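Chemist: Sharing work15.txt here; it has compact mmCIF, C-alpha atoms.
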# COMPACT_ATOMS: atom_id res chain seq x y z
CA MET B 27 16.91 13.48 -12.92
CA ALA B 28 14.30 14.20 -15.58
CA GLU B 29 10.65 13.48 -14.78
CA HIS B 30 10.35 10.84 -17.50
CA GLU B 31 13.39 8.82 -16.49
CA LEU B 32 12.06 7.23 -13.32
CA PRO B 33 9.21 5.25 -14.96
CA THR B 34 11.70 3.97 -17.56
CA LEU B 35 14.07 2.83 -14.83
CA TYR B 36 11.22 1.28 -12.90
CA HIS B 37 9.89 -0.68 -15.87
CA ALA B 38 13.42 -2.00 -16.50
CA TYR B 39 13.51 -3.16 -12.86
CA LEU B 40 10.16 -4.97 -13.23
CA ALA B 41 11.34 -6.58 -16.48
CA CYS B 42 14.40 -7.88 -14.61
CA LEU B 43 12.11 -9.35 -11.93
CA ASN B 44 9.72 -10.89 -14.46
CA GLU B 45 12.62 -12.38 -16.44
CA ARG B 46 14.05 -13.64 -13.12
CA ASP B 47 17.42 -12.28 -14.24
CA LEU B 48 18.66 -11.78 -10.70
CA ASP B 49 22.31 -11.64 -11.76
CA ARG B 50 21.41 -8.18 -13.09
CA LEU B 51 19.43 -7.10 -10.02
CA GLY B 52 22.33 -4.87 -8.96
CA GLU B 53 21.77 -2.72 -12.05
CA HIS B 54 18.40 -1.69 -10.60
CA VAL B 55 18.72 -2.03 -6.83
CA HIS B 56 21.25 -0.16 -4.66
CA THR B 57 23.80 -2.15 -2.66
CA ASP B 58 22.50 -0.60 0.56
CA VAL B 59 18.79 -0.89 -0.21
CA GLU B 60 16.41 -0.49 2.74
CA TYR B 61 13.03 -2.21 3.00
CA ASN B 62 10.28 -0.82 5.23
CA ASP B 63 12.76 1.31 7.18
CA ALA B 64 15.15 -1.56 7.89
CA PRO B 65 18.50 -2.32 6.21
CA LEU B 66 18.23 -5.25 3.78
CA GLY B 67 21.02 -4.85 1.24
CA LEU B 68 21.20 -6.16 -2.31
CA ALA B 69 21.97 -9.75 -1.20
CA GLY B 70 19.01 -9.75 1.18
CA TYR B 71 16.78 -8.25 -1.52
CA ARG B 72 17.83 -11.01 -3.93
CA ALA B 73 17.17 -13.68 -1.29
CA MET B 74 13.71 -12.19 -0.69
CA LEU B 75 12.91 -12.42 -4.42
CA GLU B 76 14.25 -15.98 -4.64
CA GLY B 77 11.89 -16.87 -1.78
CA ASP B 78 9.00 -15.24 -3.64
CA TYR B 79 9.77 -17.22 -6.82
CA ALA B 80 9.96 -20.46 -4.83
CA ALA B 81 6.61 -19.80 -3.14
CA ILE B 82 4.91 -18.58 -6.34
CA PRO B 83 6.16 -20.42 -9.43
CA ASP B 84 4.04 -18.25 -11.76
CA LEU B 85 4.81 -14.94 -10.04
CA ARG B 86 4.58 -11.86 -12.28
CA PHE B 87 4.79 -8.19 -11.31
CA ASP B 88 2.08 -6.19 -13.10
CA PRO B 89 1.91 -2.44 -12.38
CA VAL B 90 -1.68 -1.23 -12.74
CA LEU B 91 -1.02 2.31 -11.46
CA LEU B 92 2.23 4.24 -11.50
CA ILE B 93 2.85 7.68 -10.01
CA ALA B 94 6.20 9.38 -10.39
CA GLU B 95 7.54 12.42 -8.58
CA PRO B 96 11.34 12.27 -8.50
CA PRO B 97 13.06 10.85 -6.58
CA HIS B 98 10.01 8.69 -5.81
CA ILE B 99 7.81 6.20 -7.64
CA ALA B 100 4.56 4.82 -6.23
CA SER B 101 3.20 1.67 -7.82
CA ARG B 102 0.13 -0.50 -7.37
CA LEU B 103 1.15 -4.01 -8.34
CA ALA B 104 -1.44 -6.65 -9.21
CA PHE B 105 -0.70 -10.33 -8.66
CA ASP B 106 -2.74 -13.16 -10.18
CA CYS B 107 -1.02 -16.41 -9.35
CA THR B 108 -1.13 -19.93 -7.96
CA PRO B 109 1.27 -20.25 -5.00
CA ALA B 110 2.50 -23.82 -4.66
CA GLY B 111 2.24 -24.28 -0.90
CA GLU B 112 2.13 -21.64 1.81
CA LEU B 113 2.07 -17.93 1.09
CA PHE B 114 2.36 -15.39 3.93
CA GLY B 115 1.86 -18.36 6.28
CA LEU B 116 -1.42 -19.25 4.58
CA PRO B 117 -2.08 -22.71 3.03
CA VAL B 118 -2.79 -21.67 -0.57
CA ASN B 119 -1.70 -25.05 -2.01
CA GLY B 120 -2.01 -24.29 -5.71
CA ARG B 121 -5.24 -22.33 -5.58
CA ARG B 122 -5.49 -19.17 -7.66
CA VAL B 123 -5.26 -15.97 -5.64
CA ARG B 124 -5.35 -12.35 -6.73
CA PHE B 125 -4.01 -9.57 -4.57
CA PHE B 126 -2.35 -6.17 -4.63
CA GLU B 127 0.77 -4.52 -3.29
CA ASN B 128 0.95 -0.74 -2.90
CA VAL B 129 4.61 0.17 -2.83
CA PHE B 130 6.80 3.27 -2.79
CA TYR B 131 10.37 3.45 -4.04
CA GLN B 132 13.01 6.11 -3.51
CA PHE B 133 15.67 6.20 -6.22
CA GLU B 134 19.26 7.29 -5.71
CA ALA B 135 21.80 7.51 -8.53
CA GLY B 136 19.39 5.63 -10.81
CA LYS B 137 18.83 2.71 -8.43
CA ILE B 138 16.21 1.74 -5.89
CA ARG B 139 17.54 2.85 -2.51
CA ARG B 140 14.47 2.60 -0.23
CA VAL B 141 11.23 0.61 -0.50
CA TRP B 142 8.06 1.00 1.59
CA SER B 143 5.63 -1.79 0.79
CA VAL B 144 2.23 -2.95 2.00
CA ILE B 145 0.92 -6.24 0.60
CA ASP B 146 -2.75 -7.16 0.96
CA LYS B 147 -2.12 -10.37 2.89
CA ALA B 148 -5.57 -10.15 4.53
CA GLY B 149 -7.08 -10.15 1.04
CA VAL B 150 -5.29 -13.42 0.24
CA LYS B 151 -6.59 -14.91 3.49
CA ALA B 152 -10.15 -13.84 2.62
CA GLN B 153 -9.94 -15.71 -0.69
CA LEU B 154 -9.11 -18.94 1.16
CA LEU B 155 -12.07 -18.73 3.55
CA PRO B 156 -15.69 -19.75 2.95
CA ALA B 157 -17.75 -17.04 1.27
CA ARG B 158 -19.51 -16.09 4.52
CA ASP B 159 -16.19 -14.93 5.94
CA SER B 160 -15.06 -13.08 2.85
CA PHE B 161 -15.47 -9.67 4.49
CA LEU B 162 -12.51 -10.34 6.81
CA MET Y 8 -4.86 21.35 -12.43
CA ALA Y 9 -1.53 22.77 -11.30
CA GLU Y 10 1.04 20.39 -9.86
CA HIS Y 11 1.05 22.08 -6.46
CA GLU Y 12 -2.72 22.05 -5.96
CA LEU Y 13 -3.22 18.36 -5.28
CA PRO Y 14 -1.11 18.18 -2.09
CA THR Y 15 -2.97 21.26 -0.78
CA LEU Y 16 -6.33 19.60 -1.49
CA TYR Y 17 -5.12 16.36 0.07
CA HIS Y 18 -3.90 18.03 3.27
CA ALA Y 19 -7.27 19.77 3.57
CA TYR Y 20 -8.96 16.35 3.27
CA LEU Y 21 -6.74 14.89 6.01
CA ALA Y 22 -7.43 17.90 8.25
CA CYS Y 23 -11.16 17.25 7.79
CA LEU Y 24 -10.64 13.63 8.82
CA ASN Y 25 -8.47 14.52 11.82
CA GLU Y 26 -10.96 17.17 12.96
CA ARG Y 27 -13.74 14.58 12.44
CA ASP Y 28 -15.68 17.26 10.62
CA LEU Y 29 -17.62 14.76 8.52
CA ASP Y 30 -20.36 17.26 7.67
CA ARG Y 31 -17.73 18.78 5.36
CA LEU Y 32 -16.52 15.47 3.91
CA GLY Y 33 -18.39 16.23 0.67
CA GLU Y 34 -16.07 19.20 0.07
CA HIS Y 35 -13.21 16.73 -0.34
CA VAL Y 36 -14.77 13.45 -1.49
CA HIS Y 37 -16.80 13.00 -4.69
CA THR Y 38 -20.44 11.88 -4.42
CA ASP Y 39 -19.65 8.83 -6.56
CA VAL Y 40 -16.37 7.89 -4.89
CA GLU Y 41 -15.07 4.36 -5.56
CA TYR Y 42 -12.98 2.35 -3.12
CA ASN Y 43 -10.73 -0.49 -4.32
CA ASP Y 44 -12.56 -0.70 -7.65
CA ALA Y 45 -16.03 -0.93 -6.09
CA PRO Y 46 -18.69 1.79 -5.83
CA LEU Y 47 -18.94 3.19 -2.30
CA GLY Y 48 -20.38 6.70 -2.59
CA LEU Y 49 -20.01 9.62 -0.21
CA ALA Y 50 -22.51 8.21 2.31
CA GLY Y 51 -20.69 4.86 2.36
CA TYR Y 52 -17.34 6.63 2.70
CA ARG Y 53 -18.67 8.61 5.67
CA ALA Y 54 -20.03 5.43 7.27
CA MET Y 55 -16.62 3.77 6.81
CA LEU Y 56 -14.90 6.66 8.60
CA GLU Y 57 -17.48 6.67 11.41
CA GLY Y 58 -16.72 2.97 11.88
CA ASP Y 59 -13.00 3.74 12.00
CA TYR Y 60 -13.51 6.46 14.64
CA ALA Y 61 -15.65 4.08 16.74
CA ALA Y 62 -13.02 1.33 16.56
CA ILE Y 63 -10.08 3.69 17.15
CA PRO Y 64 -10.98 6.56 19.51
CA ASP Y 65 -7.54 8.18 19.08
CA LEU Y 66 -7.33 7.69 15.30
CA ARG Y 67 -5.15 10.20 13.45
CA PHE Y 68 -4.08 10.23 9.80
CA ASP Y 69 -0.38 11.10 9.52
CA PRO Y 70 1.11 11.19 6.00
CA VAL Y 71 4.80 10.26 6.15
CA LEU Y 72 5.34 10.16 2.38
CA LEU Y 73 3.39 11.98 -0.30
CA ILE Y 74 3.84 11.65 -4.07
CA ALA Y 75 1.80 13.78 -6.45
CA GLU Y 76 1.40 13.39 -10.18
CA PRO Y 77 -1.96 14.88 -11.25
CA PRO Y 78 -4.59 13.59 -11.22
CA HIS Y 79 -3.12 11.18 -8.64
CA ILE Y 80 -1.74 11.34 -5.12
CA ALA Y 81 0.02 8.44 -3.43
CA SER Y 82 0.35 8.60 0.34
CA ARG Y 83 1.92 6.44 3.03
CA LEU Y 84 -0.12 6.98 6.17
CA ALA Y 85 1.25 6.10 9.60
CA PHE Y 86 -1.09 5.14 12.42
CA ASP Y 87 -0.08 5.03 16.09
CA CYS Y 88 -3.18 4.32 18.13
CA THR Y 89 -4.98 2.29 20.78
CA PRO Y 90 -8.08 0.63 19.28
CA ALA Y 91 -10.73 0.09 21.94
CA GLY Y 92 -11.88 -3.43 21.06
CA GLU Y 93 -11.46 -5.31 17.81
CA LEU Y 94 -9.63 -3.91 14.80
CA PHE Y 95 -9.68 -5.77 11.46
CA GLY Y 96 -11.22 -8.67 13.39
CA LEU Y 97 -8.28 -8.74 15.78
CA PRO Y 98 -8.68 -8.40 19.58
CA VAL Y 99 -6.55 -5.29 20.16
CA ASN Y 100 -8.47 -4.27 23.32
CA GLY Y 101 -6.76 -0.99 24.09
CA ARG Y 102 -3.21 -2.05 23.30
CA ARG Y 103 -1.03 0.35 21.33
CA VAL Y 104 -0.49 -0.65 17.71
CA ARG Y 105 1.42 1.04 14.92
CA PHE Y 106 0.79 0.29 11.28
CA PHE Y 107 0.83 1.76 7.81
CA GLU Y 108 -1.56 2.26 4.92
CA ASN Y 109 -0.24 2.79 1.39
CA VAL Y 110 -3.00 4.47 -0.55
CA PHE Y 111 -3.59 6.01 -3.98
CA TYR Y 112 -6.19 8.67 -4.78
CA GLN Y 113 -7.49 9.86 -8.11
CA PHE Y 114 -8.89 13.38 -8.05
CA GLU Y 115 -11.67 14.67 -10.29
CA ALA Y 116 -12.87 18.28 -10.24
CA GLY Y 117 -10.92 18.88 -7.03
CA LYS Y 118 -12.38 15.93 -5.14
CA ILE Y 119 -11.33 12.37 -4.38
CA ARG Y 120 -13.03 10.18 -6.98
CA ARG Y 121 -11.20 6.85 -6.64
CA VAL Y 122 -9.19 5.28 -3.80
CA TRP Y 123 -6.97 2.20 -3.92
CA SER Y 124 -5.80 1.29 -0.44
CA VAL Y 125 -3.76 -1.45 1.20
CA ILE Y 126 -3.60 -1.47 5.00
CA ASP Y 127 -0.96 -3.53 6.81
CA LYS Y 128 -3.44 -5.64 8.77
CA ALA Y 129 -0.93 -8.49 9.02
CA GLY Y 130 1.45 -6.05 10.74
CA VAL Y 131 -1.20 -5.30 13.37
CA LYS Y 132 -1.71 -9.01 13.92
CA ALA Y 133 2.04 -9.53 14.36
CA GLN Y 134 2.10 -6.92 17.15
CA LEU Y 135 -0.53 -8.89 19.08
CA LEU Y 136 1.35 -12.19 18.93
CA PRO Y 137 4.17 -13.40 21.17
CA ALA Y 138 7.59 -12.10 20.13
CA ARG Y 139 8.64 -15.43 18.59
CA ASP Y 140 5.94 -15.01 15.94
CA SER Y 141 6.71 -11.40 15.19
CA PHE Y 142 8.14 -12.24 11.75
CA LEU Y 143 4.70 -13.21 10.42
Do you think you could lay out the structure here as structure tokens?
Modeler:
Amino acid sequence: MAEHELPTLYHAYLACLNERDLDRLGEHVHTDVEYNDAPLGLAGYRAMLEGDYAAIPDLRFDPVLLIAEPPHIASRLAFDCTPAGELFGLPVNGRRVRFFENVFYQFEAGKIRRVWSVIDKAGVKAQLLPARDSFL
Amino acid sequence: MAEHELPTLYHAYLACLNERDLDRLGEHVHTDVEYNDAPLGLAGYRAMLEGDYAAIPDLRFDPVLLIAEPPHIASRLAFDCTPAGELFGLPVNGRRVRFFENVFYQFEAGKIRRVWSVIDKAGVKAQLLPARDSFL
């Protein structure tokens, strides 16, 4: 696969997510996709995204840093959103939160085959606490 | 900078950290290093590492995935350790915890100039809870 192809594929995947066009998710994500070293599968991946959309009505995936070395992509995703109720078990209740996800993808035959993600859940929690606890 | 140089520089930086040879940290980290979009500086970076070593006597940095596209490196670091007391505000108290950090580095003149890190603190918390809460 050419060096330039992976970012193109990845941006098409993010566009699919931002358009919430999950009927086309299988064009970007492998049937046997794994997530953080555990099997998830395309159906499980779709269910995970549907849960994300339900929790965060204004969810958008915004890549602020992208590093490509085939067959891998690394992406730093910025989120700026107002989750409706709970997020990551935290009572956000419509407040605005901003957080990041640093995530790696391994592509296989043009589709995302493995994902290793870390989301800054502690950063979301810090935004919900009084200022004196904001270092947590 | 040649494509192959960055991983070599990065492995030398990790060796410095694992040898706890912080007098040589300035060979790998820029004087004006930034951390998660905030100024930190070499002295602040060293203090951060000294705090990590104090909290985690058996701390080791183990890169399990490395992606290089100059001037950036993306690394997934695995930690398998027994923090002595509190870690990330959590009472670990000598128990074994395993967690990941997904981190990006921007190099400048052969040194780390900017770092964007997300540590799976929620994953550490989950390991300290009863099994029924392990999905958090």
Chemist: To one decimal in Å, tell me the separation between CA of Ile126 (chain Y) and CA of Ile145 (chain B).
Modeler: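 Straight-line distance from CA of Ile126 (chain Y) to CA of Ile145 (chain B) works out to 7.9 Å.
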Chemist: Residues of chain B within 6 Å of chain Y, counting only C-alpha atoms - could you list those as number ranges by chain?
Modeler: B: 93, 95, 128, 144, 146
Chemist: So the first atom is CA of His35 (chain Y) and the second is CA of Leu49 (chain Y); what is the distance between them in Å, to one decimal place?
Modeler: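 Those two atoms sit 9.8 Å apart.
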Chemist: Excluding region 15-28 of chain Y and any residue of its chain fewer than 6 positions from it, enumerate the residues within 9 Å of it, using all atoms listed in the file, and give them as a list in words.
Modeler: Glu34, His35, Val36, Leu56, Glu57, Tyr60, Leu66, Arg67, Phe68, Asp69, Pro70, Ile80, Gly117, Lys118 and Ile119 of chain Y
Chemist: Where does chain Y end up after superposition onto chain B over all in-order Cα pairs? Give it as an mmCIF file with C-alpha atoms, in the frame of the given file.
Modeler:
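selection-v9.cif, written as the output of this step:
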data_model
loop_
_atom_site.group_PDB
_atom_site.id
_atom_site.type_symbol
_atom_site.label_atom_id
_atom_site.label_comp_id
_atom_site.auth_asym_id
_atom_site.auth_seq_id
_atom_site.Cartn_x
_atom_site.Cartn_y
_atom_site.Cartn_z
ATOM 1 C CA MET Y 8 16.894 13.473 -12.902
ATOM 2 C CA ALA Y 9 14.293 14.178 -15.570
ATOM 3 C CA GLU Y 10 10.660 13.479 -14.764
ATOM 4 C CA HIS Y 11 10.317 10.845 -17.477
ATOM 5 C CA GLU Y 12 13.376 8.814 -16.486
ATOM 6 C CA LEU Y 13 12.053 7.216 -13.320
ATOM 7 C CA PRO Y 14 9.196 5.251 -14.944
ATOM 8 C CA THR Y 15 11.673 3.972 -17.569
ATOM 9 C CA LEU Y 16 14.071 2.832 -14.830
ATOM 10 C CA TYR Y 17 11.204 1.272 -12.894
ATOM 11 C CA HIS Y 18 9.879 -0.681 -15.885
ATOM 12 C CA ALA Y 19 13.397 -1.989 -16.507
ATOM 13 C CA TYR Y 20 13.505 -3.165 -12.867
ATOM 14 C CA LEU Y 21 10.157 -4.961 -13.233
ATOM 15 C CA ALA Y 22 11.319 -6.584 -16.484
ATOM 16 C CA CYS Y 23 14.379 -7.884 -14.614
ATOM 17 C CA LEU Y 24 12.106 -9.347 -11.944
ATOM 18 C CA ASN Y 25 9.703 -10.891 -14.463
ATOM 19 C CA GLU Y 26 12.592 -12.377 -16.456
ATOM 20 C CA ARG Y 27 14.046 -13.639 -13.140
ATOM 21 C CA ASP Y 28 17.383 -12.276 -14.266
ATOM 22 C CA LEU Y 29 18.640 -11.773 -10.718
ATOM 23 C CA ASP Y 30 22.289 -11.640 -11.790
ATOM 24 C CA ARG Y 31 21.382 -8.173 -13.102
ATOM 25 C CA LEU Y 32 19.407 -7.093 -10.027
ATOM 26 C CA GLY Y 33 22.316 -4.859 -8.970
ATOM 27 C CA GLU Y 34 21.757 -2.721 -12.081
ATOM 28 C CA HIS Y 35 18.404 -1.685 -10.621
ATOM 29 C CA VAL Y 36 18.719 -2.027 -6.840
ATOM 30 C CA HIS Y 37 21.247 -0.153 -4.680
ATOM 31 C CA THR Y 38 23.810 -2.159 -2.684
ATOM 32 C CA ASP Y 39 22.514 -0.591 0.536
ATOM 33 C CA VAL Y 40 18.805 -0.887 -0.227
ATOM 34 C CA GLU Y 41 16.423 -0.504 2.736
ATOM 35 C CA TYR Y 42 13.048 -2.208 3.003
ATOM 36 C CA ASN Y 43 10.304 -0.811 5.258
ATOM 37 C CA ASP Y 44 12.801 1.313 7.191
ATOM 38 C CA ALA Y 45 15.195 -1.570 7.888
ATOM 39 C CA PRO Y 46 18.527 -2.335 6.200
ATOM 40 C CA LEU Y 47 18.246 -5.255 3.775
ATOM 41 C CA GLY Y 48 21.033 -4.854 1.216
ATOM 42 C CA LEU Y 49 21.209 -6.175 -2.327
ATOM 43 C CA ALA Y 50 21.986 -9.748 -1.227
ATOM 44 C CA GLY Y 51 19.014 -9.744 1.162
ATOM 45 C CA TYR Y 52 16.784 -8.258 -1.539
ATOM 46 C CA ARG Y 53 17.840 -11.014 -3.948
ATOM 47 C CA ALA Y 54 17.184 -13.675 -1.301
ATOM 48 C CA MET Y 55 13.715 -12.192 -0.704
ATOM 49 C CA LEU Y 56 12.904 -12.431 -4.419
ATOM 50 C CA GLU Y 57 14.254 -15.991 -4.652
ATOM 51 C CA GLY Y 58 11.914 -16.876 -1.784
ATOM 52 C CA ASP Y 59 9.017 -15.255 -3.635
ATOM 53 C CA TYR Y 60 9.782 -17.217 -6.828
ATOM 54 C CA ALA Y 61 9.975 -20.476 -4.829
ATOM 55 C CA ALA Y 62 6.631 -19.800 -3.134
ATOM 56 C CA ILE Y 63 4.922 -18.582 -6.321
ATOM 57 C CA PRO Y 64 6.169 -20.428 -9.428
ATOM 58 C CA ASP Y 65 4.035 -18.258 -11.748
ATOM 59 C CA LEU Y 66 4.808 -14.941 -10.024
ATOM 60 C CA ARG Y 67 4.559 -11.857 -12.239
ATOM 61 C CA PHE Y 68 4.774 -8.182 -11.283
ATOM 62 C CA ASP Y 69 2.058 -6.195 -13.073
ATOM 63 C CA PRO Y 70 1.899 -2.445 -12.343
ATOM 64 C CA VAL Y 71 -1.692 -1.226 -12.695
ATOM 65 C CA LEU Y 72 -1.041 2.305 -11.420
ATOM 66 C CA LEU Y 73 2.208 4.238 -11.475
ATOM 67 C CA ILE Y 74 2.839 7.682 -9.970
ATOM 68 C CA ALA Y 75 6.203 9.379 -10.379
ATOM 69 C CA GLU Y 76 7.524 12.418 -8.577
ATOM 70 C CA PRO Y 77 11.348 12.268 -8.491
ATOM 71 C CA PRO Y 78 13.049 10.861 -6.565
ATOM 72 C CA HIS Y 79 9.995 8.689 -5.807
ATOM 73 C CA ILE Y 80 7.804 6.198 -7.628
ATOM 74 C CA ALA Y 81 4.569 4.827 -6.206
ATOM 75 C CA SER Y 82 3.199 1.675 -7.798
ATOM 76 C CA ARG Y 83 0.130 -0.500 -7.330
ATOM 77 C CA LEU Y 84 1.140 -4.011 -8.313
ATOM 78 C CA ALA Y 85 -1.450 -6.649 -9.181
ATOM 79 C CA PHE Y 86 -0.713 -10.324 -8.634
ATOM 80 C CA ASP Y 87 -2.747 -13.160 -10.157
ATOM 81 C CA CYS Y 88 -1.016 -16.413 -9.321
ATOM 82 C CA THR Y 89 -1.137 -19.940 -7.932
ATOM 83 C CA PRO Y 90 1.280 -20.274 -4.989
ATOM 84 C CA ALA Y 91 2.507 -23.848 -4.661
ATOM 85 C CA GLY Y 92 2.289 -24.307 -0.889
ATOM 86 C CA GLU Y 93 2.139 -21.666 1.808
ATOM 87 C CA LEU Y 94 2.080 -17.943 1.095
ATOM 88 C CA PHE Y 95 2.368 -15.415 3.949
ATOM 89 C CA GLY Y 96 1.882 -18.384 6.285
ATOM 90 C CA LEU Y 97 -1.393 -19.272 4.599
ATOM 91 C CA PRO Y 98 -2.073 -22.719 3.059
ATOM 92 C CA VAL Y 99 -2.772 -21.672 -0.541
ATOM 93 C CA ASN Y 100 -1.671 -25.047 -1.991
ATOM 94 C CA GLY Y 101 -1.998 -24.308 -5.682
ATOM 95 C CA ARG Y 102 -5.236 -22.346 -5.539
ATOM 96 C CA ARG Y 103 -5.494 -19.180 -7.614
ATOM 97 C CA VAL Y 104 -5.266 -15.974 -5.598
ATOM 98 C CA ARG Y 105 -5.339 -12.350 -6.670
ATOM 99 C CA PHE Y 106 -3.999 -9.564 -4.513
ATOM 100 C CA PHE Y 107 -2.357 -6.173 -4.580
ATOM 101 C CA GLU Y 108 0.781 -4.521 -3.261
ATOM 102 C CA ASN Y 109 0.954 -0.740 -2.865
ATOM 103 C CA VAL Y 110 4.611 0.171 -2.816
ATOM 104 C CA PHE Y 111 6.809 3.277 -2.769
ATOM 105 C CA TYR Y 112 10.390 3.458 -4.042
ATOM 106 C CA GLN Y 113 13.019 6.104 -3.506
ATOM 107 C CA PHE Y 114 15.669 6.214 -6.211
ATOM 108 C CA GLU Y 115 19.272 7.298 -5.704
ATOM 109 C CA ALA Y 116 21.792 7.521 -8.546
ATOM 110 C CA GLY Y 117 19.392 5.637 -10.817
ATOM 111 C CA LYS Y 118 18.829 2.726 -8.447
ATOM 112 C CA ILE Y 119 16.210 1.737 -5.894
ATOM 113 C CA ARG Y 120 17.545 2.848 -2.513
ATOM 114 C CA ARG Y 121 14.484 2.606 -0.249
ATOM 115 C CA VAL Y 122 11.239 0.610 -0.490
ATOM 116 C CA TRP Y 123 8.090 0.991 1.599
ATOM 117 C CA SER Y 124 5.643 -1.782 0.801
ATOM 118 C CA VAL Y 125 2.251 -2.957 2.015
ATOM 119 C CA ILE Y 126 0.942 -6.245 0.622
ATOM 120 C CA ASP Y 127 -2.731 -7.173 0.992
ATOM 121 C CA LYS Y 128 -2.091 -10.394 2.905
ATOM 122 C CA ALA Y 129 -5.506 -10.169 4.571
ATOM 123 C CA GLY Y 130 -7.048 -10.165 1.079
ATOM 124 C CA VAL Y 131 -5.274 -13.438 0.278
ATOM 125 C CA LYS Y 132 -6.556 -14.929 3.512
ATOM 126 C CA ALA Y 133 -10.116 -13.853 2.676
ATOM 127 C CA GLN Y 134 -9.930 -15.731 -0.646
ATOM 128 C CA LEU Y 135 -9.095 -18.959 1.199
ATOM 129 C CA LEU Y 136 -12.037 -18.742 3.597
ATOM 130 C CA PRO Y 137 -15.640 -19.791 3.008
ATOM 131 C CA ALA Y 138 -17.704 -17.160 1.195
ATOM 132 C CA ARG Y 139 -19.522 -16.072 4.369
ATOM 133 C CA ASP Y 140 -16.226 -14.779 5.766
ATOM 134 C CA SER Y 141 -15.146 -13.023 2.614
ATOM 135 C CA PHE Y 142 -15.667 -9.568 4.154
ATOM 136 C CA LEU Y 143 -12.723 -10.047 6.530
#
Chemist: I'd like the contact shell of Leu116 (chain B) - 9 Å cut-off, all atoms listed in the file, skipping same-chain residues fewer than 6 positions apart - returned as number ranges by chain.
Modeler: B: 150-151, 154
Chemist: Measure the distance from CA of Gln153 (chain B) to CA of Arg105 (chain Y) in Å and round it to one decimal.
Modeler: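 For CA of Gln153 (chain B) relative to CA of Arg105 (chain Y), the distance reads 25.6 Å.
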Chemist: Go through B:Val118, B:Glu31, B:Glu134, B:Thr108 one by one, measure the shortest atom-to-atom distance of each to His56 (chain B) using all atoms listed in the file, and give the residue with the smallest value.
Modeler: B:Glu134
Chemist: For Val122 (chain Y), which of Y:Leu136, Y:Ala50, Y:Val71, Y:Ala45 is the closest residue, counting all atoms listed in the file?
Modeler: Y:Ala45
Chemist: Excluding Ala81 (chain B) and any residue of its chain fewer than 4 positions from it, enumerate the residues within 9 Å of it, using only C-alpha atoms, and give them as a list in words.
Modeler: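 These residues fall inside the cut-off: Glu76, Gly77, Leu85, Pro109, Ala110, Gly111, Glu112 and Leu113 of chain B.
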